[in-house]
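Enquirer: work_20.pdb is the file, holding PDB, C-alpha atoms:
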ATOM      1  CA  TYR A  24     -15.835  -9.596  13.852
ATOM      2  CA  GLN A  25     -12.653  -8.271  15.384
ATOM      3  CA  GLU A  26     -10.206  -5.534  14.608
ATOM      4  CA  LEU A  27      -6.499  -5.780  15.343
ATOM      5  CA  ASN A  28      -4.589  -2.602  16.141
ATOM      6  CA  TYR A  29      -0.841  -3.004  16.359
ATOM      7  CA  PHE A  30       1.401  -0.053  17.062
ATOM      8  CA  MET A  31       4.935  -0.561  15.825
ATOM      9  CA  ASN A  32       7.998   1.063  14.403
ATOM     10  CA  GLY A  33       7.994   0.069  10.735
ATOM     11  CA  ASN A  34      11.785   0.303  10.695
ATOM     12  CA  SER A  35      12.196  -2.136  13.592
ATOM     13  CA  GLU A  36      12.938  -5.741  12.614
ATOM     14  CA  LYS A  37      11.972  -6.758  16.174
ATOM     15  CA  ASP A  38       8.529  -5.182  15.781
ATOM     16  CA  TRP A  39       8.040  -6.888  12.403
ATOM     17  CA  GLN A  40       8.971 -10.260  13.901
ATOM     18  CA  GLU A  41       6.508  -9.680  16.746
ATOM     19  CA  LEU A  42       3.790  -8.902  14.221
ATOM     20  CA  LYS A  43       4.698 -12.092  12.349
ATOM     21  CA  LYS A  44       4.142 -14.092  15.555
ATOM     22  CA  ILE A  45       0.747 -12.446  16.022
ATOM     23  CA  LEU A  46      -0.307 -13.189  12.437
ATOM     24  CA  ASP A  47       0.981 -16.775  12.689
ATOM     25  CA  THR A  48      -1.106 -17.243  15.855
ATOM     26  CA  LEU A  49      -4.209 -15.798  14.200
ATOM     27  CA  ASN A  50      -3.707 -18.064  11.187
ATOM     28  CA  ALA A  51      -3.170 -21.112  13.427
ATOM     29  CA  HIS A  52      -6.477 -20.401  15.169
ATOM     30  CA  GLY A  53      -8.537 -20.119  11.988
ATOM     31  CA  ALA A  54      -8.726 -16.359  11.499
ATOM     32  CA  ILE A  55      -9.953 -15.377   8.038
ATOM     33  CA  VAL A  56     -10.038 -12.301   5.855
ATOM     34  CA  ASN A  57     -12.853 -11.473   3.464
ATOM     35  CA  ARG A  58     -13.426  -8.658   0.985
ATOM     36  CA  SER A  59     -14.864  -6.381   3.659
ATOM     37  CA  CYS A  60     -11.501  -6.402   5.477
ATOM     38  CA  GLY A  61      -8.728  -3.902   4.944
ATOM     39  CA  ASN A  62      -5.661  -2.502   6.612
ATOM     40  CA  HIS A  63      -4.835   1.025   7.562
ATOM     41  CA  ILE A  64      -1.218   2.065   7.900
ATOM     42  CA  HIS A  65      -0.280   5.264   9.664
ATOM     43  CA  LEU A  66       2.916   6.920   8.457
ATOM     44  CA  ASP A  67       4.726   8.921  11.130
ATOM     45  CA  MET A  68       4.881  12.609  10.263
ATOM     46  CA  ARG A  69       5.946  13.928  13.668
ATOM     47  CA  GLY A  70       8.577  16.589  13.226
ATOM     48  CA  LYS A  71       7.179  17.593   9.840
ATOM     49  CA  SER A  72       5.267  20.794   9.201
ATOM     50  CA  THR A  73       1.664  20.645   8.027
ATOM     51  CA  GLN A  74       2.855  21.724   4.589
ATOM     52  CA  GLN A  75       5.522  18.977   4.410
ATOM     53  CA  ALA A  76       3.089  16.280   5.567
ATOM     54  CA  SER A  77       0.450  17.547   3.136
ATOM     55  CA  ARG A  78       2.926  17.283   0.251
ATOM     56  CA  ILE A  79       3.754  13.695   1.242
ATOM     57  CA  ALA A  80       0.044  12.816   1.463
ATOM     58  CA  SER A  81      -0.511  14.339  -1.987
ATOM     59  CA  LYS A  82       2.445  12.418  -3.428
ATOM     60  CA  ILE A  83       1.041   9.113  -2.098
ATOM     61  CA  ARG A  84      -2.480  10.007  -3.205
ATOM     62  CA  ASN A  85      -1.313  10.853  -6.740
ATOM     63  CA  CYS A  86       0.733   7.663  -7.000
ATOM     64  CA  LEU A  87      -2.292   5.627  -5.908
ATOM     65  CA  LYS A  88      -4.585   7.413  -8.363
ATOM     66  CA  ASP A  89      -2.256   7.042 -11.322
ATOM     67  CA  TRP A  90      -1.185   3.403 -11.003
ATOM     68  CA  ALA A  91      -0.577   1.941  -7.533
ATOM     69  CA  HIS A  92      -4.281   1.318  -6.850
ATOM     70  CA  ARG A  93      -4.009  -1.377  -9.526
ATOM     71  CA  SER A  94      -1.946  -3.449  -7.045
ATOM     72  CA  LEU A  95      -5.196  -3.874  -5.071
ATOM     73  CA  HIS A  96      -8.455  -5.526  -5.993
ATOM     74  CA  ALA A  97     -10.857  -3.035  -7.565
ATOM     75  CA  THR A  98     -13.225  -3.415  -4.607
ATOM     76  CA  ARG A  99     -10.531  -1.772  -2.425
ATOM     77  CA  SER A 100      -9.788   1.013  -4.886
ATOM     78  CA  TYR A 101     -13.400   1.929  -5.584
ATOM     79  CA  ASN A 102     -15.530   1.925  -2.436
ATOM     80  CA  ASP A 103     -17.095   4.255   0.116
ATOM     81  CA  TYR A 104     -14.628   3.608   2.956
ATOM     82  CA  CYS A 105     -11.219   4.116   1.370
ATOM     83  CA  GLY A 106     -11.753   4.816  -2.310
ATOM     84  CA  VAL A 107      -8.786   6.130  -4.233
ATOM     85  CA  PHE A 108     -10.879   8.610  -6.215
ATOM     86  CA  ARG A 109     -13.041   9.908  -3.365
ATOM     87  CA  GLU A 110     -12.879  13.562  -2.334
ATOM     88  CA  HIS A 111     -10.143  13.750   0.298
ATOM     89  CA  SER A 112     -10.581  17.194   1.878
ATOM     90  CA  ASN A 113     -11.885  16.738   5.437
ATOM     91  CA  ASN A 114     -12.902  13.197   4.578
ATOM     92  CA  LYS A 115     -11.806  10.223   6.655
ATOM     93  CA  TYR A 116     -13.177   7.737   4.130
ATOM     94  CA  THR A 117     -10.587   8.131   1.423
ATOM     95  CA  ALA A 118      -7.450   6.225   0.415
ATOM     96  CA  VAL A 119      -5.095   8.723   2.072
ATOM     97  CA  ASN A 120      -6.619  10.341   5.153
ATOM     98  CA  PHE A 121      -4.840  13.484   6.319
ATOM     99  CA  LEU A 122      -7.145  14.139   9.297
ATOM    100  CA  PRO A 123      -5.029  12.166  11.858
ATOM    101  CA  PHE A 124      -2.102  14.512  11.273
ATOM    102  CA  ARG A 125      -3.474  17.181  13.596
ATOM    103  CA  ARG A 126      -4.214  14.752  16.420
ATOM    104  CA  PHE A 127      -1.579  12.024  16.110
ATOM    105  CA  GLY A 128       1.054  13.372  13.714
ATOM    106  CA  THR A 129       0.355  10.657  11.135
ATOM    107  CA  ILE A 130      -1.014  10.208   7.640
ATOM    108  CA  GLU A 131      -3.391   7.249   7.422
ATOM    109  CA  VAL A 132      -3.356   5.130   4.259
ATOM    110  CA  ARG A 133      -6.663   3.251   4.429
ATOM    111  CA  VAL A 134      -6.747   1.536   1.047
ATOM    112  CA  GLY A 135      -4.552  -1.474   1.912
ATOM    113  CA  MET A 136      -5.889  -4.979   1.389
ATOM    114  CA  GLY A 137      -6.977  -7.063   4.334
ATOM    115  CA  THR A 138      -4.440  -9.799   4.940
ATOM    116  CA  LEU A 139      -3.067 -12.204   7.502
ATOM    117  CA  ASN A 140      -0.004 -12.688   5.299
ATOM    118  CA  TRP A 141       3.034 -11.100   6.935
ATOM    119  CA  PHE A 142       4.964 -10.775   3.665
ATOM    120  CA  LYS A 143       2.137  -8.929   1.886
ATOM    121  CA  LEU A 144       1.677  -6.571   4.810
ATOM    122  CA  LYS A 145       5.414  -5.862   5.058
ATOM    123  CA  MET A 146       5.772  -5.222   1.338
ATOM    124  CA  TRP A 147       2.761  -2.866   1.317
ATOM    125  CA  ALA A 148       4.210  -0.953   4.281
ATOM    126  CA  ASP A 149       7.621  -0.828   2.574
ATOM    127  CA  PHE A 150       5.995   0.512  -0.578
ATOM    128  CA  LEU A 151       4.212   3.267   1.359
ATOM    129  CA  LYS A 152       7.402   4.167   3.227
ATOM    130  CA  TYR A 153       9.210   4.398  -0.100
ATOM    131  CA  CYS A 154       6.451   6.619  -1.508
ATOM    132  CA  ALA A 155       6.802   8.922   1.496
ATOM    133  CA  SER A 156      10.597   9.007   1.449
ATOM    134  CA  PRO A 157      12.351  12.247   0.538
ATOM    135  CA  GLY A 158      13.333  12.408  -3.085
ATOM    136  CA  SER A 159      11.150   9.536  -4.277
ATOM    137  CA  SER A 160       9.318  10.473  -7.439
ATOM    138  CA  ILE A 161       7.049   7.665  -8.544
ATOM    139  CA  ALA A 162       4.049   9.391 -10.064
ATOM    140  CA  THR A 163       3.866   6.753 -12.801
ATOM    141  CA  PHE A 164       4.516   3.031 -12.892
ATOM    142  CA  ASP A 165       7.487   3.681 -15.162
ATOM    143  CA  ASP A 166       8.888   6.174 -12.617
ATOM    144  CA  PHE A 167       8.631   3.489  -9.941
ATOM    145  CA  MET A 168      10.317   0.829 -12.046
ATOM    146  CA  GLN A 169      13.140   3.250 -12.876
ATOM    147  CA  SER A 170      13.476   4.389  -9.245
ATOM    148  CA  SER A 171      15.923   3.321  -6.550
ATOM    149  CA  ALA A 172      13.245   1.176  -4.857
ATOM    150  CA  HIS A 173      14.470  -2.279  -3.865
ATOM    151  CA  PRO A 174      14.149  -4.775  -6.763
ATOM    152  CA  LYS A 175      12.077  -7.150  -4.600
ATOM    153  CA  LEU A 176       9.608  -4.316  -3.957
ATOM    154  CA  LYS A 177       9.371  -3.737  -7.708
ATOM    155  CA  VAL A 178       8.708  -7.455  -8.255
ATOM    156  CA  TYR A 179       6.039  -7.454  -5.558
ATOM    157  CA  MET A 180       4.181  -4.465  -7.028
ATOM    158  CA  TRP A 181       4.492  -5.858 -10.575
ATOM    159  CA  ASP A 182       3.101  -9.209  -9.393
ATOM    160  CA  ARG A 183       0.189  -7.542  -7.614
ATOM    161  CA  ILE A 184      -0.687  -5.372 -10.617
ATOM    162  CA  THR A 185      -0.538  -8.268 -13.063
ATOM    163  CA  LYS A 186      -2.635 -10.385 -10.676
ATOM    164  CA  PHE A 187      -5.487  -7.867 -10.689
ATOM    165  CA  HIS A 188      -5.057  -6.744 -14.295
ATOM    166  CA  PRO A 189      -7.898  -8.964 -15.636
ATOM    167  CA  THR A 190     -10.303  -7.557 -13.031
ATOM    168  CA  TYR A 191      -9.595  -3.984 -14.079
ATOM    169  CA  VAL A 192      -9.701  -4.750 -17.798
ATOM    170  CA  SER A 193     -13.041  -6.570 -17.404
ATOM    171  CA  ARG A 194     -14.391  -3.413 -15.749
ATOM    172  CA  GLY A 195     -13.260  -1.291 -18.683
ATOM    173  CA  TYR A 196     -10.163   0.330 -17.164
ATOM    174  CA  PRO A 197      -7.210   0.905 -19.492
ATOM    175  CA  ASP A 198      -3.903  -0.933 -19.353
ATOM    176  CA  ILE A 199      -1.000   0.484 -17.405
ATOM    177  CA  CYS A 200       1.341   1.798 -20.065
ATOM    178  CA  GLY A 201       4.615  -0.058 -20.309
ATOM    179  CA  ILE A 202       4.024  -2.800 -17.761
ATOM    180  CA  ASP A 203       5.025  -5.578 -20.177
ATOM    181  CA  GLN A 204       8.396  -4.005 -20.934
ATOM    182  CA  TYR A 205       9.554  -5.009 -17.425
ATOM    183  CA  LYS A 206       9.007  -8.767 -17.776
ATOM    184  CA  ASP A 207      12.690  -9.436 -18.418
ATOM    185  CA  PHE A 208      13.717  -7.342 -15.420
ATOM    186  CA  ILE A 209      11.198  -9.138 -13.196
ATOM    187  CA  ASN A 210      12.408 -12.550 -14.377
ATOM    188  CA  ALA A 211      16.042 -11.530 -13.854
ATOM    189  CA  VAL A 212      15.331 -10.447 -10.252
ATOM    190  CA  ARG A 213      13.461 -13.691  -9.631
ATOM    191  CA  GLY A 214      16.333 -15.679 -11.115
ATOM    192  CA  GLY A 215      18.776 -14.021  -8.742
ATOM    193  CA  GLU A 216      16.695 -14.650  -5.609
ATOM    194  CA  ASP A 217      18.153 -16.911  -2.967
TER     195      ASP A 217
END
For this file, produce the structure as structure tokens.

Expert:
Amino acid sequence: YQELNYFMNGNSEKDWQELKKILDTLNAHGAIVNRSCGNHIHLDMRGKSTQQASRIASKIRNCLKDWAHRSLHATRSYNDYCGVFREHSNNKYTAVNFLPFRRFGTIEVRVGMGTLNWFKLKMWADFLKYCASPGSSIATFDDFMQSSAHPKLKVYMWDRITKFHPTYVSRGYPDICGIDQYKDFINAVRGGED
């Protein structure tokens, strides 16, 4: 088994294209992902105080706990390595790990799904960047759908949540309130795609 670490500027199109080449090469050579795989994204918090970074980590953590974990398979949300509902104080093995802040100036989001799909990875990173952005308030799914997030990001998250919905329901988890009310919006965005 191998681990790929790739350090990049998430706002750099050049870095994203380089990552795409890497993933294309891995795919061309038969690399695979299984349920034990995941991705960890570090969000740059350099220049932020401990209090500011802690607030951002809490905002992401709360969003994941309330609804965004449903965009991932339940095995990612509920496990011992990156579980969304695990105790997070001084614990590396939680969805949002604050421990790297002191050493590297980052917040680590560990709960991401393992993937060799560039689009999925980019959309997940874009979602996390949006969560961390100043002024974003997306504590609930409805908040997110009413937010200024890019419509394609909303479609992506809606698609992911509806994909895993049967898994969560079969495990006894409740529905996400109001998800069906956005079907028309989702279809309209899809209809306007190039």

Enquirer: Near segment 122-130 of chain A, within 12 Å and counting all atoms listed in the file, which residues show up once chain neighbours fewer than 3 positions away are dropped, as a VMD selection string?

Expert: chain A and resid 63 to 84 111 to 119 133 151 to 152 155

Enquirer: Pick the closest to Phe187 of chain A from A:Val134, A:Phe121, A:Lys175, A:His96: which is it, counting all atoms listed in the file?

Expert: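 For Phe187 of chain A, the nearest of the candidates is A:His96.
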
Enquirer: Contacts of segment 136-149 of chain A at 6 Å or less, counting only C-alpha atoms, minus same-chain residues fewer than 2 places along, as an NGL selection string?

Expert: :A and (43 or 46 or 60-62 or 151-152)

Enquirer: Select, from A:Thr190, A:Gly195, A:Glu41, A:Ser35, the residue with the minimum atom-to-atom distance to Thr98 of chain A, counting all atoms listed in the file.

Expert: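 Of the candidates, the smallest distance to Thr98 of chain A is held by A:Thr190.
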
Enquirer: As a ChimeraX atom specification, please: the residues near segment 86-90 of chain A (cut-off 7 Å, all atoms listed in the file, same-chain neighbours under 5 positions excluded).

Expert: /A:107-108,161-164

Enquirer: Which residue is closest to Ser159 of chain A? Choose from A:Arg99, A:Ala54, A:Ser171, A:Lys44 and count all atoms listed in the file.

Expert: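 Nearest candidate to Ser159 of chain A out of A:Arg99, A:Ala54, A:Ser171, A:Lys44: A:Ser171.
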
Enquirer: Write out as a ChimeraX atom specification each polymer residue whose atoms come within 12 Å of Gly201 of chain A, counting only C-alpha atoms; drop sequence neighbours fewer than 4 positions from it.

Expert: /A:90,163-169,181,197,205-206

Enquirer: Determine, counting all atoms listed in the file, which protein, DNA and RNA residues have an atom within 12 Å of an atom of Thr185 of chain A; residues of the same chain fewer than 6 positions away are not included. Present the result as a ChimeraX atom specification.

Expert: /A:90-91,93-96,178-179,191-192,198-199,202-203,205-206,209

Enquirer: Of the residues A:Asn57, A:Ser160, A:Arg194, A:Val212, which is the one nearest to Leu176 of chain A, using only C-alpha atoms?

Expert: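 Closest residue, counting only C-alpha atoms: A:Val212.
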